[in-house]
file work_5.cif (mmCIF, C-alpha atoms)
data_structure
#
loop_
_atom_site.group_PDB
_atom_site.id
_atom_site.type_symbol
_atom_site.label_atom_id
_atom_site.label_comp_id
_atom_site.auth_asym_id
_atom_site.auth_seq_id
_atom_site.Cartn_x
_atom_site.Cartn_y
_atom_site.Cartn_z
ATOM 1 C CA MET S 1 -18.400 -6.790 -38.101
ATOM 2 C CA ILE S 2 -16.774 -3.369 -37.828
ATOM 3 C CA SER S 3 -14.447 -1.400 -40.081
ATOM 4 C CA PRO S 4 -10.832 -2.481 -39.561
ATOM 5 C CA GLU S 5 -9.942 1.226 -39.686
ATOM 6 C CA ILE S 6 -11.307 1.673 -36.167
ATOM 7 C CA LEU S 7 -8.886 -0.903 -34.756
ATOM 8 C CA TYR S 8 -5.817 0.613 -36.415
ATOM 9 C CA ARG S 9 -6.248 3.717 -34.244
ATOM 10 C CA TYR S 10 -5.478 1.945 -30.975
ATOM 11 C CA PRO S 11 -2.113 0.778 -29.572
ATOM 12 C CA PHE S 12 -3.956 -2.208 -28.085
ATOM 13 C CA PHE S 13 -4.176 -3.646 -31.598
ATOM 14 C CA GLY S 14 -0.638 -2.551 -32.494
ATOM 15 C CA GLY S 15 1.616 -5.398 -33.517
ATOM 16 C CA LEU S 16 -1.225 -7.200 -35.308
ATOM 17 C CA ASP S 17 -0.678 -7.435 -39.055
ATOM 18 C CA ASP S 18 -3.272 -6.397 -41.659
ATOM 19 C CA ALA S 19 -4.744 -9.883 -42.062
ATOM 20 C CA GLN S 20 -5.082 -10.248 -38.281
ATOM 21 C CA ILE S 21 -6.763 -6.836 -37.906
ATOM 22 C CA ARG S 22 -9.210 -7.758 -40.688
ATOM 23 C CA ALA S 23 -9.915 -11.140 -39.082
ATOM 24 C CA ILE S 24 -10.799 -9.695 -35.693
ATOM 25 C CA ALA S 25 -12.765 -6.807 -37.245
ATOM 26 C CA LEU S 26 -14.915 -9.438 -38.951
ATOM 27 C CA ILE S 27 -16.000 -10.982 -35.651
ATOM 28 C CA ALA S 28 -16.246 -7.666 -33.747
ATOM 29 C CA GLN S 29 -19.526 -5.993 -32.805
ATOM 30 C CA GLU S 30 -19.926 -2.344 -31.941
ATOM 31 C CA GLU S 31 -22.374 -1.534 -29.164
ATOM 32 C CA THR S 32 -23.555 1.585 -27.366
ATOM 33 C CA LEU S 33 -24.449 1.663 -23.685
ATOM 34 C CA ALA S 34 -26.223 4.182 -21.483
ATOM 35 C CA THR S 35 -24.715 5.300 -18.175
ATOM 36 C CA ASP S 36 -24.893 2.901 -15.235
ATOM 37 C CA VAL S 37 -25.411 -0.267 -17.249
ATOM 38 C CA THR S 38 -23.950 -3.446 -15.761
ATOM 39 C CA ILE S 39 -22.003 -5.022 -18.605
ATOM 40 C CA PHE S 40 -21.016 -8.215 -16.807
ATOM 41 C CA HIS S 41 -21.015 -9.733 -13.347
ATOM 42 C CA GLU S 42 -18.112 -11.059 -11.283
ATOM 43 C CA GLY S 43 -18.185 -14.828 -10.989
ATOM 44 C CA GLN S 44 -19.987 -15.395 -14.286
ATOM 45 C CA ARG S 45 -18.449 -17.034 -17.320
ATOM 46 C CA ALA S 46 -16.516 -14.545 -19.481
ATOM 47 C CA GLU S 47 -18.294 -14.772 -22.821
ATOM 48 C CA SER S 48 -16.792 -11.691 -24.487
ATOM 49 C CA LEU S 49 -13.694 -9.550 -24.588
ATOM 50 C CA TYR S 50 -14.559 -5.829 -24.585
ATOM 51 C CA PHE S 51 -12.680 -2.807 -25.795
ATOM 52 C CA LEU S 52 -13.727 0.698 -24.764
ATOM 53 C CA VAL S 53 -13.903 3.179 -27.649
ATOM 54 C CA ASP S 54 -15.716 6.081 -25.941
ATOM 55 C CA GLY S 55 -17.055 6.722 -22.460
ATOM 56 C CA GLY S 56 -16.004 5.207 -19.141
ATOM 57 C CA VAL S 57 -16.369 1.901 -17.341
ATOM 58 C CA ALA S 58 -15.665 1.076 -13.699
ATOM 59 C CA LEU S 59 -14.721 -2.366 -12.409
ATOM 60 C CA TYR S 60 -16.102 -3.412 -9.032
ATOM 61 C CA TYR S 61 -14.918 -6.232 -6.841
ATOM 62 C CA MET S 62 -17.829 -7.954 -5.126
ATOM 63 C CA GLY S 63 -15.671 -10.313 -3.059
ATOM 64 C CA GLY S 64 -17.769 -13.270 -4.045
ATOM 65 C CA GLY S 65 -20.761 -11.493 -2.503
ATOM 66 C CA THR S 66 -19.172 -11.048 0.936
ATOM 67 C CA ILE S 67 -18.607 -7.292 0.664
ATOM 68 C CA LEU S 68 -19.707 -5.215 3.634
ATOM 69 C CA GLU S 69 -22.943 -3.296 3.910
ATOM 70 C CA LYS S 70 -21.217 -0.026 2.993
ATOM 71 C CA TYR S 71 -19.984 -1.413 -0.330
ATOM 72 C CA LYS S 72 -23.210 -2.964 -1.518
ATOM 73 C CA GLU S 73 -22.371 -2.114 -5.095
ATOM 74 C CA GLY S 74 -18.890 -3.572 -4.742
ATOM 75 C CA ILE S 75 -15.513 -1.964 -4.164
ATOM 76 C CA PRO S 76 -14.402 0.132 -7.144
ATOM 77 C CA VAL S 77 -11.052 -1.393 -8.122
ATOM 78 C CA ASP S 78 -10.330 0.082 -11.523
ATOM 79 C CA ASP S 79 -11.409 2.581 -14.168
ATOM 80 C CA ILE S 80 -11.350 1.603 -17.810
ATOM 81 C CA ASN S 81 -10.550 4.459 -20.179
ATOM 82 C CA PRO S 82 -11.000 4.659 -23.949
ATOM 83 C CA GLY S 83 -8.404 2.495 -25.675
ATOM 84 C CA GLU S 84 -8.388 -0.139 -22.927
ATOM 85 C CA PRO S 85 -9.722 -3.714 -22.890
ATOM 86 C CA PHE S 86 -11.908 -5.243 -20.203
ATOM 87 C CA GLY S 87 -13.420 -8.658 -19.692
ATOM 88 C CA ILE S 88 -9.936 -10.040 -20.376
ATOM 89 C CA SER S 89 -10.899 -13.208 -18.479
ATOM 90 C CA ALA S 90 -12.535 -14.201 -21.772
ATOM 91 C CA LEU S 91 -8.987 -15.069 -22.907
ATOM 92 C CA ILE S 92 -7.672 -16.528 -19.661
ATOM 93 C CA GLU S 93 -8.441 -19.819 -17.938
ATOM 94 C CA PRO S 94 -10.715 -20.555 -16.077
ATOM 95 C CA TYR S 95 -12.688 -17.933 -18.111
ATOM 96 C CA ILE S 96 -14.512 -16.604 -15.035
ATOM 97 C CA LEU S 97 -15.010 -12.853 -14.615
ATOM 98 C CA THR S 98 -13.083 -11.488 -11.618
ATOM 99 C CA SER S 99 -14.997 -8.194 -11.356
ATOM 100 C CA THR S 100 -18.301 -6.557 -12.230
ATOM 101 C CA ALA S 101 -18.229 -3.888 -14.963
ATOM 102 C CA ARG S 102 -20.556 -0.878 -15.047
ATOM 103 C CA SER S 103 -20.641 2.062 -17.438
ATOM 104 C CA THR S 104 -19.990 5.405 -15.720
ATOM 105 C CA LYS S 105 -20.842 7.403 -18.874
ATOM 106 C CA PRO S 106 -22.578 6.704 -22.166
ATOM 107 C CA CYS S 107 -20.208 4.267 -23.879
ATOM 108 C CA ARG S 108 -19.255 2.930 -27.252
ATOM 109 C CA VAL S 109 -17.633 -0.493 -26.933
ATOM 110 C CA ILE S 110 -16.349 -3.147 -29.289
ATOM 111 C CA ARG S 111 -17.235 -6.670 -28.270
ATOM 112 C CA PHE S 112 -15.469 -9.856 -29.402
ATOM 113 C CA GLU S 113 -17.215 -13.115 -28.608
ATOM 114 C CA ALA S 114 -14.844 -15.499 -26.852
ATOM 115 C CA GLU S 115 -15.928 -18.467 -28.968
ATOM 116 C CA ALA S 116 -15.245 -16.596 -32.195
ATOM 117 C CA LEU S 117 -11.839 -15.486 -30.904
ATOM 118 C CA LYS S 118 -10.961 -19.065 -29.976
ATOM 119 C CA THR S 119 -11.794 -20.196 -33.492
ATOM 120 C CA LEU S 120 -9.474 -17.515 -34.888
ATOM 121 C CA PHE S 121 -6.761 -18.519 -32.432
ATOM 122 C CA MET S 122 -6.863 -22.109 -33.700
ATOM 123 C CA LEU S 123 -6.201 -20.815 -37.206
ATOM 124 C CA ASP S 124 -3.547 -18.292 -36.222
ATOM 125 C CA GLN S 125 -1.381 -19.143 -33.223
ATOM 126 C CA GLN S 126 0.596 -15.930 -33.638
ATOM 127 C CA LEU S 127 -2.567 -13.838 -33.243
ATOM 128 C CA ALA S 128 -3.382 -15.905 -30.154
ATOM 129 C CA TYR S 129 0.053 -15.175 -28.696
ATOM 130 C CA LYS S 130 -0.168 -11.448 -29.406
ATOM 131 C CA LEU S 131 -3.595 -11.083 -27.793
ATOM 132 C CA ALA S 132 -2.641 -13.293 -24.821
ATOM 133 C CA LEU S 133 0.272 -10.932 -24.158
ATOM 134 C CA LYS S 134 -2.021 -7.905 -24.418
ATOM 135 C CA ALA S 135 -4.376 -9.513 -21.904
ATOM 136 C CA ALA S 136 -1.448 -10.300 -19.589
ATOM 137 C CA LYS S 137 -0.232 -6.711 -19.884
ATOM 138 C CA ALA S 138 -3.685 -5.383 -18.992
ATOM 139 C CA ALA S 139 -3.849 -7.736 -15.989
ATOM 140 C CA VAL S 140 -0.441 -6.584 -14.726
ATOM 141 C CA GLU S 141 -1.407 -2.906 -15.153
ATOM 142 C CA ARG S 142 -4.616 -3.544 -13.235
ATOM 143 C CA LEU S 143 -2.584 -5.322 -10.560
ATOM 144 C CA SER S 144 -0.323 -2.269 -10.194
ATOM 145 C CA THR S 145 -3.339 0.026 -9.836
ATOM 146 C CA THR S 146 -4.890 -2.243 -7.205
ATOM 147 C CA ARG S 147 -1.611 -2.367 -5.264
ATOM 148 C CA MET S 148 -1.563 1.425 -5.257
ATOM 149 C CA HIS S 149 -5.100 1.461 -3.822
ATOM 150 C CA LEU S 150 -3.967 -1.068 -1.235
ATOM 151 C CA ALA S 151 -0.913 0.988 -0.261
ATOM 152 C CA ALA S 152 -3.194 4.038 0.145
ATOM 153 C CA ALA S 153 -5.719 2.041 2.194
ATOM 154 C CA TRP S 154 -3.008 0.791 4.523
ATOM 155 C CA ALA S 155 -1.502 4.253 4.967
ATOM 156 C CA MET O 1 19.686 -27.404 -17.766
ATOM 157 C CA ILE O 2 17.443 -29.475 -15.513
ATOM 158 C CA SER O 3 15.773 -32.844 -15.891
ATOM 159 C CA PRO O 4 12.494 -32.514 -17.838
ATOM 160 C CA GLU O 5 11.000 -34.931 -15.282
ATOM 161 C CA ILE O 6 10.875 -32.135 -12.703
ATOM 162 C CA LEU O 7 8.652 -30.008 -14.936
ATOM 163 C CA TYR O 8 6.169 -32.788 -15.671
ATOM 164 C CA ARG O 9 5.150 -32.786 -12.012
ATOM 165 C CA TYR O 10 3.618 -29.320 -12.094
ATOM 166 C CA PRO O 11 0.282 -28.181 -13.558
ATOM 167 C CA PHE O 12 1.993 -24.918 -14.528
ATOM 168 C CA PHE O 13 3.754 -26.820 -17.317
ATOM 169 C CA GLY O 14 0.660 -28.855 -18.164
ATOM 170 C CA GLY O 15 -0.451 -28.458 -21.749
ATOM 171 C CA LEU O 16 3.127 -28.293 -23.020
ATOM 172 C CA ASP O 17 4.059 -31.226 -25.233
ATOM 173 C CA ASP O 18 7.162 -33.379 -24.732
ATOM 174 C CA ALA O 19 9.326 -31.397 -27.140
ATOM 175 C CA GLN O 20 8.323 -28.131 -25.470
ATOM 176 C CA ILE O 21 9.056 -29.472 -21.978
ATOM 177 C CA ARG O 22 12.472 -30.669 -23.165
ATOM 178 C CA ALA O 23 13.188 -27.311 -24.803
ATOM 179 C CA ILE O 24 12.472 -25.273 -21.678
ATOM 180 C CA ALA O 25 14.256 -27.800 -19.423
ATOM 181 C CA LEU O 26 17.359 -27.212 -21.550
ATOM 182 C CA ILE O 27 17.429 -23.490 -20.761
ATOM 183 C CA ALA O 28 16.313 -23.855 -17.105
ATOM 184 C CA GLN O 29 18.621 -23.447 -14.131
ATOM 185 C CA GLU O 30 17.954 -24.777 -10.672
ATOM 186 C CA GLU O 31 19.027 -22.575 -7.771
ATOM 187 C CA THR O 32 18.834 -22.741 -3.987
ATOM 188 C CA LEU O 33 18.273 -19.694 -1.799
ATOM 189 C CA ALA O 34 18.580 -19.053 1.924
ATOM 190 C CA THR O 35 15.775 -17.369 3.880
ATOM 191 C CA ASP O 36 15.337 -13.611 3.460
ATOM 192 C CA VAL O 37 17.169 -13.281 0.169
ATOM 193 C CA THR O 38 15.924 -10.544 -2.157
ATOM 194 C CA ILE O 39 15.487 -12.259 -5.515
ATOM 195 C CA PHE O 40 14.553 -9.194 -7.529
ATOM 196 C CA HIS O 41 13.584 -5.563 -7.027
ATOM 197 C CA GLU O 42 10.439 -3.737 -8.136
ATOM 198 C CA GLY O 43 11.126 -1.304 -10.961
ATOM 199 C CA GLN O 44 14.091 -3.243 -12.352
ATOM 200 C CA ARG O 45 14.129 -5.004 -15.692
ATOM 201 C CA ALA O 46 12.665 -8.531 -15.486
ATOM 202 C CA GLU O 47 15.566 -10.696 -16.650
ATOM 203 C CA SER O 48 14.208 -14.090 -15.574
ATOM 204 C CA LEU O 49 11.000 -16.005 -15.067
ATOM 205 C CA TYR O 50 11.063 -17.981 -11.806
ATOM 206 C CA PHE O 51 9.198 -21.052 -10.692
ATOM 207 C CA LEU O 52 9.107 -22.076 -7.027
ATOM 208 C CA VAL O 53 9.829 -25.756 -6.404
ATOM 209 C CA ASP O 54 10.277 -25.730 -2.603
ATOM 210 C CA GLY O 55 10.089 -23.087 0.098
ATOM 211 C CA GLY O 56 8.219 -19.806 0.126
ATOM 212 C CA VAL O 57 8.544 -16.376 -1.468
ATOM 213 C CA ALA O 58 6.723 -13.152 -0.611
ATOM 214 C CA LEU O 59 6.079 -10.316 -3.052
ATOM 215 C CA TYR O 60 6.285 -6.756 -1.724
ATOM 216 C CA TYR O 61 4.960 -3.625 -3.318
ATOM 217 C CA MET O 62 7.327 -0.709 -2.790
ATOM 218 C CA GLY O 63 5.083 1.869 -4.428
ATOM 219 C CA GLY O 64 7.937 3.230 -6.476
ATOM 220 C CA GLY O 65 9.724 4.008 -3.218
ATOM 221 C CA THR O 66 6.925 6.159 -1.782
ATOM 222 C CA ILE O 67 5.775 3.658 0.830
ATOM 223 C CA LEU O 68 5.276 5.030 4.327
ATOM 224 C CA GLU O 69 7.750 4.782 7.153
ATOM 225 C CA LYS O 70 5.883 1.841 8.695
ATOM 226 C CA TYR O 71 6.237 -0.266 5.537
ATOM 227 C CA LYS O 72 9.913 0.321 4.888
ATOM 228 C CA GLU O 73 10.301 -3.183 3.528
ATOM 229 C CA GLY O 74 7.297 -2.747 1.262
ATOM 230 C CA ILE O 75 3.696 -3.865 1.574
ATOM 231 C CA PRO O 76 3.370 -7.664 1.377
ATOM 232 C CA VAL O 77 0.978 -8.200 -1.523
ATOM 233 C CA ASP O 78 1.273 -11.889 -2.299
ATOM 234 C CA ASP O 79 2.745 -15.217 -1.204
ATOM 235 C CA ILE O 80 4.216 -17.541 -3.771
ATOM 236 C CA ASN O 81 3.807 -21.231 -2.975
ATOM 237 C CA PRO O 82 5.558 -24.236 -4.495
ATOM 238 C CA GLY O 83 4.233 -24.862 -8.002
ATOM 239 C CA GLU O 84 3.735 -21.164 -8.751
ATOM 240 C CA PRO O 85 5.640 -18.811 -11.068
ATOM 241 C CA PHE O 86 6.938 -15.371 -10.173
ATOM 242 C CA GLY O 87 8.787 -12.696 -12.077
ATOM 243 C CA ILE O 88 6.150 -13.115 -14.797
ATOM 244 C CA SER O 89 6.942 -9.589 -16.007
ATOM 245 C CA ALA O 90 9.836 -11.310 -17.811
ATOM 246 C CA LEU O 91 7.192 -12.398 -20.343
ATOM 247 C CA ILE O 92 5.089 -9.236 -20.403
ATOM 248 C CA GLU O 93 5.812 -5.805 -21.868
ATOM 249 C CA PRO O 94 7.328 -3.467 -20.715
ATOM 250 C CA TYR O 95 9.340 -6.211 -18.915
ATOM 251 C CA ILE O 96 9.638 -4.185 -15.689
ATOM 252 C CA LEU O 97 9.184 -5.928 -12.328
ATOM 253 C CA THR O 98 6.077 -4.716 -10.491
ATOM 254 C CA SER O 99 7.072 -6.054 -7.054
ATOM 255 C CA THR O 100 10.083 -7.060 -4.982
ATOM 256 C CA ALA O 101 10.494 -10.780 -4.220
ATOM 257 C CA ARG O 102 12.062 -12.122 -1.025
ATOM 258 C CA SER O 103 12.437 -15.700 0.162
ATOM 259 C CA THR O 104 10.570 -16.408 3.410
ATOM 260 C CA LYS O 105 12.093 -19.898 3.771
ATOM 261 C CA PRO O 106 15.035 -21.762 2.244
ATOM 262 C CA CYS O 107 13.979 -22.185 -1.390
ATOM 263 C CA ARG O 108 14.601 -24.259 -4.440
ATOM 264 C CA VAL O 109 13.673 -22.341 -7.595
ATOM 265 C CA ILE O 110 13.881 -22.919 -11.320
ATOM 266 C CA ARG O 111 15.006 -19.901 -13.283
ATOM 267 C CA PHE O 112 14.446 -19.293 -16.997
ATOM 268 C CA GLU O 113 16.394 -16.447 -18.559
ATOM 269 C CA ALA O 114 14.047 -14.138 -20.447
ATOM 270 C CA GLU O 115 16.381 -13.884 -23.429
ATOM 271 C CA ALA O 116 16.589 -17.662 -23.790
ATOM 272 C CA LEU O 117 12.805 -17.928 -23.536
ATOM 273 C CA LYS O 118 12.359 -15.299 -26.242
ATOM 274 C CA THR O 119 14.636 -17.272 -28.546
ATOM 275 C CA LEU O 120 12.508 -20.382 -27.953
ATOM 276 C CA PHE O 121 9.332 -18.367 -28.554
ATOM 277 C CA MET O 122 10.593 -17.282 -31.979
ATOM 278 C CA LEU O 123 11.031 -20.935 -32.914
ATOM 279 C CA ASP O 124 7.756 -22.140 -31.388
ATOM 280 C CA GLN O 125 4.847 -19.702 -31.398
ATOM 281 C CA GLN O 126 2.577 -22.261 -29.767
ATOM 282 C CA LEU O 127 4.895 -22.532 -26.767
ATOM 283 C CA ALA O 128 4.916 -18.736 -26.600
ATOM 284 C CA TYR O 129 1.103 -18.683 -26.573
ATOM 285 C CA LYS O 130 0.842 -21.349 -23.890
ATOM 286 C CA LEU O 131 3.303 -19.616 -21.554
ATOM 287 C CA ALA O 132 1.773 -16.170 -22.203
ATOM 288 C CA LEU O 133 -1.582 -17.577 -21.073
ATOM 289 C CA LYS O 134 0.011 -19.096 -17.959
ATOM 290 C CA ALA O 135 1.542 -15.706 -17.146
ATOM 291 C CA ALA O 136 -1.819 -14.003 -17.714
ATOM 292 C CA LYS O 137 -3.515 -16.536 -15.451
ATOM 293 C CA ALA O 138 -0.946 -15.928 -12.704
ATOM 294 C CA ALA O 139 -1.453 -12.155 -13.042
ATOM 295 C CA VAL O 140 -5.243 -12.490 -12.754
ATOM 296 C CA GLU O 141 -4.914 -14.756 -9.702
ATOM 297 C CA ARG O 142 -2.570 -12.244 -8.108
ATOM 298 C CA LEU O 143 -5.051 -9.496 -8.942
ATOM 299 C CA SER O 144 -7.833 -11.407 -7.175
ATOM 300 C CA THR O 145 -5.681 -11.856 -4.070
ATOM 301 C CA THR O 146 -4.786 -8.168 -4.023
ATOM 302 C CA ARG O 147 -8.449 -7.197 -4.373
ATOM 303 C CA MET O 148 -9.239 -9.397 -1.381
ATOM 304 C CA HIS O 149 -6.559 -7.594 0.654
ATOM 305 C CA LEU O 150 -8.057 -4.298 -0.514
ATOM 306 C CA ALA O 151 -11.578 -5.316 0.478
ATOM 307 C CA ALA O 152 -10.255 -6.317 3.913
ATOM 308 C CA ALA O 153 -8.324 -3.042 4.271
ATOM 309 C CA TRP O 154 -11.401 -0.988 3.420
ATOM 310 C CA ALA O 155 -13.615 -2.933 5.834
#
call {"tool": "encode", "arguments": {"input": "work_5.cif", "output": "structure tokens"}}
result
Amino acid sequence: MISPEILYRYPFFGGLDDAQIRAIALIAQEETLATDVTIFHEGQRAESLYFLVDGGVALYYMGGGTILEKYKEGIPVDDINPGEPFGISALIEPYILTSTARSTKPCRVIRFEAEALKTLFMLDQQLAYKLALKAAKAAVERLSTTRMHLAAAWA
Amino acid sequence: MISPEILYRYPFFGGLDDAQIRAIALIAQEETLATDVTIFHEGQRAESLYFLVDGGVALYYMGGGTILEKYKEGIPVDDINPGEPFGISALIEPYILTSTARSTKPCRVIRFEAEALKTLFMLDQQLAYKLALKAAKAAVERLSTTRMHLAAAWA
């Protein structure tokens, strides 16, 4: 568990009431990562939702392993900054990661196990709704960024 | 309103119970569109969630109006097929459309006004959760498609 105080600082957790913040703080784990650590792999089951507190994370698209020679490490499709979630597929069917995440700096992250979140969601449908919307918002923002990359690539 | 029977046919509405299907059928409107009709514009407020029953719709990214001369009509970023939602920003903050939608064939669509949906969501938090997850799923699928385009463009 982590101190609920940490979560209150971030807009991502805005809209959650005190009981909901305490509930998710109880199941949260704080972790530190060195630079260039692969946090998860595209195509694997999304076991955890992550939230970046400090540092930087890059998301890479591996194209199901069919990426060209020159992008052996995947195509960088997004940068996660402090205050942003990643691994949102942990909340979204079919719960399969759509990118590979690697730390670009030493990081402090908060990790929520998907199974523990699902248990909370069964007890509190409103919390489930709020976090589903946050995940949807993050997906749409990521979509906008990727479209900008695409527009630049096609230019 | 439309007949609830129509909605039962589609996996998108799977997971909703009978009362929930009836509730959203009550606020739904069925509309037909000719080919090459602009259904909504990127950057505008998302007033309705759409669901494609028949026909085809393409989503174009206008890049906030900064798209090059050769993509005056926007960059085609996704194709919507029957059984798929579009205009999902109607469910997701900040409720601003992230692409422009145009019919590529004569279409039959079901339209749900965002305000009417929000009223339903206040009465039924579980329905809200289920549809938020469907919207998130659609956003992640769209993200995967866009990343594939990007990988191809960078090849």
call {"tool": "interface_residues", "arguments": {"input": "work_5.cif", "of": "chain O", "to": "chain S", "cutoff": "6 Å", "atoms": "all atoms listed in the file", "output": "ChimeraX atom specification"}}
result
/O:92,129,132-133,136-137,139-140,143,150
call {"tool": "atom_distance", "arguments": {"input": "work_5.cif", "atom1": "CA of Thr119 (chain O)", "atom2": "CA of Ile21 (chain S)"}}
result
25.6 Å
call {"tool": "resolve_selection", "arguments": {"input": "work_5.cif", "expression": "the PyMOL selection byres ((chain O and resi 11-15) around 8)", "output": "NGL selection string"}}
result
:O and (7-10 or 16-17 or 21 or 83-85 or 130 or 134)
call {"tool": "write_last_selection", "arguments": {"input": "work_5.cif", "atoms": "C-alpha atoms", "output": "PDB file, in the coordinates of the input"}}
result
ATOM      1  CA  LEU O   7       8.652 -30.008 -14.936  1.00  0.00           C
ATOM      2  CA  TYR O   8       6.169 -32.788 -15.671  1.00  0.00           C
ATOM      3  CA  ARG O   9       5.150 -32.786 -12.012  1.00  0.00           C
ATOM      4  CA  TYR O  10       3.618 -29.320 -12.094  1.00  0.00           C
ATOM      5  CA  LEU O  16       3.127 -28.293 -23.020  1.00  0.00           C
ATOM      6  CA  ASP O  17       4.059 -31.226 -25.233  1.00  0.00           C
ATOM      7  CA  ILE O  21       9.056 -29.472 -21.978  1.00  0.00           C
ATOM      8  CA  GLY O  83       4.233 -24.862  -8.002  1.00  0.00           C
ATOM      9  CA  GLU O  84       3.735 -21.164  -8.751  1.00  0.00           C
ATOM     10  CA  PRO O  85       5.640 -18.811 -11.068  1.00  0.00           C
ATOM     11  CA  LYS O 130       0.842 -21.349 -23.890  1.00  0.00           C
ATOM     12  CA  LYS O 134       0.011 -19.096 -17.959  1.00  0.00           C
TER      13      LYS O 134
END
call {"tool": "resolve_selection", "arguments": {"input": "work_5.cif", "expression": "the PyMOL selection byres ((chain S and resi 50) around 8)", "output": "count of residues only"}}
result
12
call {"tool": "residues_around", "arguments": {"input": "work_5.cif", "residues": "Arg108 (chain S)", "least_positions_apart": "4", "cutoff": "8 Å", "atoms": "all atoms listed in the file", "output": "list in words"}}
result
Glu30, Glu31, Thr32, Leu33, Leu52, Val53, Asp54 and Gly55 of chain S
call {"tool": "atom_distance", "arguments": {"input": "work_5.cif", "atom1": "CA of Ala116 (chain O)", "atom2": "CA of Ile27 (chain O)"}}
result
6.6 Å
call {"tool": "atom_distance", "arguments": {"input": "work_5.cif", "atom1": "CA of Ala19 (chain S)", "atom2": "CA of Leu123 (chain O)"}}
result
21.3 Å
call {"tool": "residues_around", "arguments": {"input": "work_5.cif", "residues": "Phe40 (chain S)", "least_positions_apart": "2", "cutoff": "6 Å", "atoms": "all atoms listed in the file", "output": "count of residues only"}}
result
3
